[in-house]
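S.K.: Next up is a structure, given as structure tokens.
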Amino acid sequence: MQAGLATAGAWIIATDFLGRNAPVFAPAAALATIASATGQRTRQTVELLIGVGLGITVADALLYLVGSGAWQIAVVVSGSIALALLVAGRSGALVSQAGATATLFATLSGSQRSLELPRILDAAVGASMGFLAVALLLPFDPLRGVRRAARPFFTDLAAAIHTTAQALAAGDRDLAVRALDSFNGVAADAKHFDEALRGAEEMVSIAPWWRHRRSRYQQYRAAADQLRAFTTNVRVMARRVVTLLEYHEPVPPSLHQAVTALGDALTYLHGDCTTGRASGQTRQSVLEAARLAGQADRAQAREFGETVVVQIRSAASDLLRATGASPQDANRLVRETATGDENGR
């Protein structure tokens, strides 16, 4: 429906208001905007307009120098695409539009003149109608996709952390390896989560009736930004756990409890983001993880055990930041809780 109304609207505006005769590119540009991946429409549309301008510039210059004909078309189109690739790398919209525009000008230059301004107007009209259709016509709840994408990310990451804790408790190196391998799936979940966030950002920005969702979106966005570092830290932690078990180092009981508390904190954070309310359980569990990690450290954990403690503390700081704590406050709280020193010495 969005595509149908956007293309029809682009055609009507171009023909009835701008006096264009058969403005084929106006509905084509509208469709290109609608068909762009959610969350990338702004970028794709800008690239489309730049590609049109680039194709026009290169085609005009080369046609003036070499004239028109079969081999001239090859030179013009190849030159336009080569320059577009140089400017934008492999960016599809910019490169394809530069090539398409150059092809249009090279093939029609002998029979039609003054194609530059109409082509630019067509692109602008079509892109504008595409954006209006996305913003005003039945836009989906932007947070629905975010919640759907967040669920496997939080669930799978928490499961990997809890499995790592179980491996520590049982001294099971093979189970620790399986837990480490499960982080590979979390990377795909994180990608989907980030794509959903980009789509939601676009929607809460351009759709008037979803502006009230901005605060909920910002809560997810802030958490996701910190969870990148958190995911890295817990993955390193899982790798150190494998090494610790390979070397048969003694495992202080509080170490696996600290890892379990870290996984619990992530689960609570997911609940906070879903409901939009801070329960306080996330911070409580994070600080419990820091306290238990400090207890394991004071129990004279050995070389690899100490590295696990360090990663737990780093990950705990990341989660506190995800709840809205500043970097300074997060580091201070983790340090004070881990050392049992209210002055943070």
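Here, A, B, ... name the chains of the structure tokens in the order displayed, residue numbers run from 1 inside each chain, and ligands are numbered from 1 in the same displayed order.
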A:Ala133: which residues within 8 Å, counting only C-alpha atoms, same-chain residues fewer than 2 positions away excluded, as a PyMOL selection string?

M.R.: chain A and resi 2-3+5-6+34+129-131+135-137

S.K.: Which residues are near A:Ile13? Cut-off 12 Å, only C-alpha atoms, ignore same chain within fewer than 2 positions. Put them as a PyMOL selection string.

M.R.: chain A and resi 6-11+15-23+26-27+30+121-122+124-126+128-129

S.K.: Between A:Phe183, A:Phe193, A:Phe304, A:Tyr268, which has the minimum distance to A:Arg240 (counting only C-alpha atoms)?

M.R.: A:Phe304

S.K.: Find the distance between atom CA of A:Thr307 and atom CA of A:Val177 and write it in Å to one decimal.

M.R.: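 Interatomic distance here is 17.1 Å.
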
S.K.: Go ahead and compute the interatomic distance for atom CA of A:Ala160 and atom CA of A:Ser215, in Å to one decimal.

M.R.: 29.7 Å

S.K.: Counting only C-alpha atoms, which of A:Leu262, A:Leu143, A:Leu255, A:Leu245 gets nearest to A:Leu175?

M.R.: A:Leu245

S.K.: Determine, for each residue of stretch 169-243 of chain A having at least one atom at most 12 Å from an atom of stretch 323-330 of chain A, the closest pair of atoms and their separation in Å to one decimal, counting only C-alpha atoms; order by chain and ascending number, as JSON lines.

M.R.:
```
{"residue": "A:Gln218", "atom": "CA", "partner": "A:Gly324", "partner_atom": "CA", "distance": 10.9}
{"residue": "A:Gln219", "atom": "CA", "partner": "A:Thr323", "partner_atom": "CA", "distance": 8.5}
{"residue": "A:Tyr220", "atom": "CA", "partner": "A:Thr323", "partner_atom": "CA", "distance": 10.0}
{"residue": "A:Arg221", "atom": "CA", "partner": "A:Thr323", "partner_atom": "CA", "distance": 11.2}
{"residue": "A:Ala222", "atom": "CA", "partner": "A:Gly324", "partner_atom": "CA", "distance": 7.7}
{"residue": "A:Ala223", "atom": "CA", "partner": "A:Thr323", "partner_atom": "CA", "distance": 6.9}
{"residue": "A:Ala224", "atom": "CA", "partner": "A:Thr323", "partner_atom": "CA", "distance": 10.6}
{"residue": "A:Asp225", "atom": "CA", "partner": "A:Thr323", "partner_atom": "CA", "distance": 11.2}
{"residue": "A:Gln226", "atom": "CA", "partner": "A:Thr323", "partner_atom": "CA", "distance": 9.2}
{"residue": "A:Leu227", "atom": "CA", "partner": "A:Thr323", "partner_atom": "CA", "distance": 10.6}
```

S.K.: Could you tell me how far atom CA of A:Glu47 sits from atom CA of A:Thr107, in Å to one decimal place?

M.R.: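 Atom CA of A:Glu47 lies 23.1 Å from atom CA of A:Thr107.
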
S.K.: Using only C-alpha atoms, which residues sit within 8 Å of A:Thr103 once same-chain residues fewer than 5 positions away are excluded, as a ChimeraX atom specification?

M.R.: /A:73,76-77

S.K.: For the selection you just gave me, I'd like the residues written to a file as a PDB file, in the first residue's frame, keeping C-alpha atoms.

M.R.:
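Contents of out-v9.pdb, as written:
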```pdb
ATOM      1  CA  ILE A  73      27.702   5.028 -24.327  1.00  0.00           C
ATOM      2  CA  VAL A  76      29.996   7.377 -20.366  1.00  0.00           C
ATOM      3  CA  VAL A  77      28.415   4.573 -18.348  1.00  0.00           C
TER       4      VAL A  77
END
```
